[in-house]
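Pasting upload_36.cif here (mmCIF, C-alpha atoms):
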data_model
#
loop_
_atom_site.label_atom_id
_atom_site.label_comp_id
_atom_site.auth_asym_id
_atom_site.auth_seq_id
_atom_site.Cartn_x
_atom_site.Cartn_y
_atom_site.Cartn_z
CA GLY A 1 1.18 8.84 -17.10
CA HIS A 2 -0.36 5.37 -17.44
CA LEU A 3 2.89 3.79 -18.62
CA PHE A 4 4.82 5.14 -15.62
CA GLY A 5 2.14 3.84 -13.21
CA GLY A 6 2.20 0.39 -14.80
CA VAL A 7 5.97 -0.12 -14.43
CA PRO A 8 5.88 -0.88 -10.67
CA LEU A 9 2.95 -3.23 -11.20
CA VAL A 10 4.77 -5.16 -13.93
CA LEU A 11 8.00 -5.30 -11.87
CA CYS A 12 6.18 -6.56 -8.76
CA GLY A 13 4.23 -9.10 -10.79
CA GLY A 14 7.44 -10.32 -12.39
CA LEU A 15 9.22 -10.66 -9.06
CA ALA A 16 6.24 -12.45 -7.52
CA THR A 17 6.13 -14.90 -10.43
CA PHE A 18 9.90 -15.48 -10.30
CA TYR A 19 9.94 -16.20 -6.56
CA TYR A 20 6.77 -18.27 -6.75
CA HIS A 21 8.42 -20.51 -9.33
CA ARG A 22 11.76 -20.61 -7.50
CA LEU A 23 10.20 -21.55 -4.14
CA ALA A 24 7.82 -24.06 -5.71
CA MET A 25 10.77 -25.80 -7.39
CA SER A 26 12.70 -25.94 -4.10
CA GLY A 27 10.18 -28.47 -2.77
CA HIS A 28 9.92 -26.73 0.62
CA TRP A 29 6.82 -24.70 -0.25
CA SER A 30 3.48 -25.99 -1.50
CA HIS A 31 1.57 -24.14 -4.22
CA GLN A 32 -1.27 -23.49 -1.74
CA LYS A 33 1.10 -21.93 0.79
CA LEU A 34 2.78 -19.77 -1.85
CA LEU A 35 -0.55 -18.61 -3.20
CA ALA A 36 -1.76 -17.77 0.32
CA TYR A 37 1.34 -15.68 1.09
CA GLN A 38 1.24 -13.84 -2.22
CA THR A 39 -2.50 -13.18 -1.99
CA VAL A 40 -2.21 -11.76 1.54
CA SER A 41 0.79 -9.64 0.50
CA CYS A 42 -1.03 -8.15 -2.49
CA GLY A 43 -4.20 -7.59 -0.47
CA THR A 44 -2.26 -5.91 2.33
CA GLY A 45 -0.52 -3.60 -0.13
CA LEU A 46 -3.86 -2.66 -1.68
CA LEU A 47 -5.45 -2.00 1.71
CA ALA A 48 -2.46 0.05 2.82
CA GLY A 49 -2.68 2.20 -0.29
CA LEU A 50 -6.46 2.52 -0.35
CA VAL A 51 -7.40 3.00 3.29
CA GLY A 52 -4.12 3.20 5.20
CA VAL A 53 -4.51 -0.10 7.07
CA GLY A 54 -1.13 -0.99 8.54
CA GLY A 55 0.50 -4.16 7.29
CA GLY A 56 1.26 -5.35 10.82
CA LEU A 57 -2.44 -5.55 11.52
CA ILE A 58 -2.76 -8.14 8.77
CA PHE A 59 0.67 -9.78 8.53
CA SER A 60 1.16 -10.75 12.19
CA PRO A 61 -2.13 -12.64 12.55
CA PHE A 62 -1.63 -14.22 9.11
CA PHE A 63 1.87 -15.44 9.98
CA LEU A 64 0.57 -16.87 13.25
CA MET A 65 -2.21 -18.68 11.36
CA MET A 66 0.45 -20.11 9.04
CA LYS A 67 2.18 -21.53 12.13
CA VAL A 68 5.21 -19.26 11.97
CA ASP A 69 7.06 -18.97 15.30
CA PRO A 70 5.51 -15.95 17.11
CA ALA A 71 8.81 -14.07 17.54
CA VAL A 72 9.63 -14.60 13.85
CA ALA A 73 6.07 -13.62 12.86
CA VAL A 74 6.25 -10.28 14.66
CA ALA A 75 9.76 -9.47 13.42
CA THR A 76 8.90 -10.43 9.83
CA SER A 77 5.66 -8.45 10.00
CA ALA A 78 7.54 -5.38 11.23
CA THR A 79 10.03 -5.74 8.38
CA CYS A 80 7.22 -6.06 5.81
CA VAL A 81 5.61 -2.92 7.22
CA VAL A 82 8.79 -0.97 6.44
CA PHE A 83 8.22 -1.58 2.72
CA THR A 84 4.46 -0.98 2.84
CA SER A 85 4.68 2.21 4.88
CA THR A 86 7.65 3.59 2.94
CA SER A 87 5.92 3.26 -0.42
CA THR A 88 2.70 4.78 0.91
CA THR A 89 4.62 7.59 2.63
CA PHE A 90 6.42 8.53 -0.59
CA GLN A 91 3.11 8.65 -2.43
CA TYR A 92 1.67 11.03 0.17
CA LEU A 93 4.86 13.12 0.16
CA LEU A 94 4.67 13.49 -3.62
CA MET A 95 1.04 14.66 -3.29
CA ASP A 96 2.10 17.16 -0.57
CA ARG A 97 -0.26 15.64 2.00
CA VAL A 98 2.21 15.18 4.87
CA SER A 99 2.69 17.62 7.74
CA ILE A 100 6.42 17.13 8.31
CA VAL A 101 6.38 18.70 11.80
CA VAL A 102 3.62 16.38 13.00
CA ALA A 103 5.25 13.38 11.31
CA LEU A 104 8.58 14.10 13.03
CA ALA A 105 6.92 14.53 16.43
CA TYR A 106 4.98 11.26 16.13
CA GLY A 107 8.01 9.55 14.59
CA ILE A 108 10.24 10.39 17.55
CA VAL A 109 7.61 9.14 20.03
CA ASN A 110 7.07 6.03 17.90
CA CYS A 111 10.82 5.22 17.81
CA PHE A 112 11.05 5.49 21.58
CA SER A 113 7.87 3.45 22.11
CA SER A 114 9.08 0.78 19.67
CA TRP A 115 12.34 0.50 21.58
CA VAL A 116 10.44 0.12 24.88
CA GLY A 117 8.10 -2.48 23.38
CA THR A 118 10.94 -4.50 21.85
CA THR A 119 12.85 -4.38 25.14
CA LEU A 120 9.79 -5.62 27.05
CA VAL A 121 9.20 -8.46 24.57
CA HIS A 122 12.83 -9.56 24.94
CA GLN A 123 12.50 -9.50 28.72
CA LEU A 124 9.33 -11.59 28.50
CA GLY A 125 11.18 -13.99 26.19
CA ASP A 126 14.01 -14.35 28.69
CA ARG A 127 11.60 -14.85 31.58
CA PHE A 128 9.32 -17.36 29.81
CA GLU A 129 11.70 -19.18 27.45
CA ASN A 130 9.47 -22.20 26.95
CA ARG A 131 6.27 -20.25 26.25
CA LYS A 132 5.78 -18.33 23.03
CA SER A 133 2.09 -17.65 23.66
CA TYR A 134 2.75 -14.25 25.22
CA ILE A 135 3.67 -12.85 21.78
CA THR A 136 0.50 -14.33 20.29
CA PHE A 137 -1.49 -12.70 23.11
CA ILE A 138 0.18 -9.32 22.47
CA VAL A 139 -0.64 -9.54 18.75
CA ALA A 140 -4.25 -10.57 19.50
CA ALA A 141 -4.66 -7.75 22.02
CA SER A 142 -3.24 -5.21 19.54
CA VAL A 143 -5.56 -6.35 16.76
CA ALA A 144 -8.54 -6.28 19.16
CA ALA A 145 -7.63 -2.78 20.40
CA SER A 146 -7.31 -1.58 16.82
CA ALA A 147 -10.71 -3.05 15.93
CA VAL A 148 -12.35 -1.42 18.95
CA LEU A 149 -10.79 1.95 18.11
CA ALA A 150 -11.88 1.67 14.47
CA VAL A 151 -15.47 0.88 15.47
CA GLY A 152 -15.41 3.67 18.06
CA LYS A 153 -14.18 6.13 15.45
CA SER A 154 -17.11 5.27 13.20
CA PHE A 155 -19.50 6.46 15.93
CA TYR A 156 -17.54 9.65 16.67
CA HIS A 157 -18.87 12.69 14.81
CA PRO A 158 -17.14 15.95 15.78
#

Mind converting the file's structure to structure tokens?
Amino acid sequence: GHLFGGVPLVLCGGLATFYYHRLAMSGHWSHQKLLAYQTVSCGTGLLAGLVGVGGGLIFSPFFLMMKVDPAVAVATSATCVVFTSTSTTFQYLLMDRVSIVVALAYGIVNCFSSWVGTTLVHQLGDRFENRKSYITFIVAASVAASAVLAVGKSFYHP
């Protein structure tokens, strides 16, 4: 039991160490920047597993703070979320805690909504080619809405 649970931890630690060393030797990444990215990645994975906080809520603002181009920050964040949510989903599936019917219903709506959102962001990008701040505003508004909903939920007692 404990050996099997430690294998992913050792593999992830090994990969993190390998890529840390490789990127540090390339000369394009500082040790501070590498440490910041790896710390946020580990923290996000822990939060996702412990309390279900979505990676996009943390990755997008972090990438923007690290001065990543807003369009790249959102796309990279979305890609990171695929790994975070997939691993968490498999854990919940193995514990038989997922209502497949509800997950499929929300998944279909989410796919459609994601397509609409991506289409709108591309249209904004075409309309305002010289301004990237609209993506930063969308990320900030999403994080703010999520914070408001989380606080509101803490006061809701059915």

- Query: Counting only C-alpha atoms, which of A:Gln123, A:Arg97, A:Leu34, A:Thr39 gets nearest to Phe18 of chain A?
  - Reply: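 Checking each of A:Gln123, A:Arg97, A:Leu34, A:Thr39 against Phe18 of chain A, counting only C-alpha atoms, the winner is A:Leu34.
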
Output, as AutoDock Vina command-line options, the centre and edge lengths in Å (one decimal) of the axis-aligned box that contains all listed atoms of segment 3-20 of chain A with 8 Å of margin on each side.
--center_x 6.0 --center_y -6.6 --center_z -12.6 --size_x 23.8 --size_y 39.4 --size_z 28.1

Output check: residues returned by the PyMOL selection byres ((chain A and resi 70) around 9), as a PDB file with C-alpha atoms, in the coordinates of the input:
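Here's the written file result.pdb:
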ATOM      1  CA  SER A  60       1.160 -10.750  12.190  1.00  0.00           C
ATOM      2  CA  PHE A  63       1.870 -15.440   9.980  1.00  0.00           C
ATOM      3  CA  LEU A  64       0.570 -16.870  13.250  1.00  0.00           C
ATOM      4  CA  LYS A  67       2.180 -21.530  12.130  1.00  0.00           C
ATOM      5  CA  VAL A  68       5.210 -19.260  11.970  1.00  0.00           C
ATOM      6  CA  ASP A  69       7.060 -18.970  15.300  1.00  0.00           C
ATOM      7  CA  ALA A  71       8.810 -14.070  17.540  1.00  0.00           C
ATOM      8  CA  VAL A  72       9.630 -14.600  13.850  1.00  0.00           C
ATOM      9  CA  ALA A  73       6.070 -13.620  12.860  1.00  0.00           C
ATOM     10  CA  VAL A  74       6.250 -10.280  14.660  1.00  0.00           C
ATOM     11  CA  ALA A  75       9.760  -9.470  13.420  1.00  0.00           C
ATOM     12  CA  LYS A 132       5.780 -18.330  23.030  1.00  0.00           C
ATOM     13  CA  SER A 133       2.090 -17.650  23.660  1.00  0.00           C
ATOM     14  CA  TYR A 134       2.750 -14.250  25.220  1.00  0.00           C
ATOM     15  CA  ILE A 135       3.670 -12.850  21.780  1.00  0.00           C
ATOM     16  CA  THR A 136       0.500 -14.330  20.290  1.00  0.00           C
TER      17      THR A 136
END

- Query: Using all atoms listed in the file, which residues sit within 12 Å of Cys80 of chain A once same-chain residues fewer than 6 positions away are excluded, as a list in words?
  - Reply: Val40, Ser41, Cys42, Thr44, Gly45, Ala48, Gly54, Gly55, Gly56, Leu57, Ile58, Phe59, Ser60, Phe63, Val72, Ala73, Val74, Thr86 and Ser87 of chain A

- Query: What separation in Å, quoted to one decimal, exists between atom CA of Ser142 of chain A and atom CA of Gly117 of chain A?
  - Reply: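 Result for atom CA of Ser142 of chain A versus atom CA of Gly117 of chain A: 12.3 Å, one decimal.
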
- Query: Smallest atom-to-atom distance to Val51 of chain A: which of A:Gly152, A:His122, A:Met66, A:Thr88, using all atoms listed in the file?
  - Reply: A:Thr88

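Of the listed residues (A:Cys111, A:Gln38, A:His31, A:Met65), A:Gln38 comes nearest to Ala16 of chain A; the distances count only C-alpha atoms.
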
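Counting from atom CA of Ala140 of chain A, the distance to atom CA of His28 of chain A is 28.6 Å.
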
- Message: Taking (-5.9, 0.4, 14.5) as a centre in this file's frame and 10 Å as the limit, can you find every polymer residue with an atom that close, using only C-alpha atoms, and give them as JSON, numbers by chain?
- Response: {"A": [52, 53, 54, 56, 57, 142, 143, 144, 145, 146, 147, 148, 149, 150, 151]}

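Between atom CA of Gly107 of chain A and atom CA of Leu94 of chain A the interatomic distance comes to 18.9 Å.
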
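With distances restricted to all atoms listed in the file, A:Gly49 is the closest residue to Phe90 of chain A from A:Lys153, A:Thr119, A:Gly49, A:Gly14.
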
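Considering the residues A:Phe128, A:Ser99, A:Ser77, A:Pro61 and counting only C-alpha atoms, Ala141 of chain A has its shortest atom-to-atom contact with A:Pro61.
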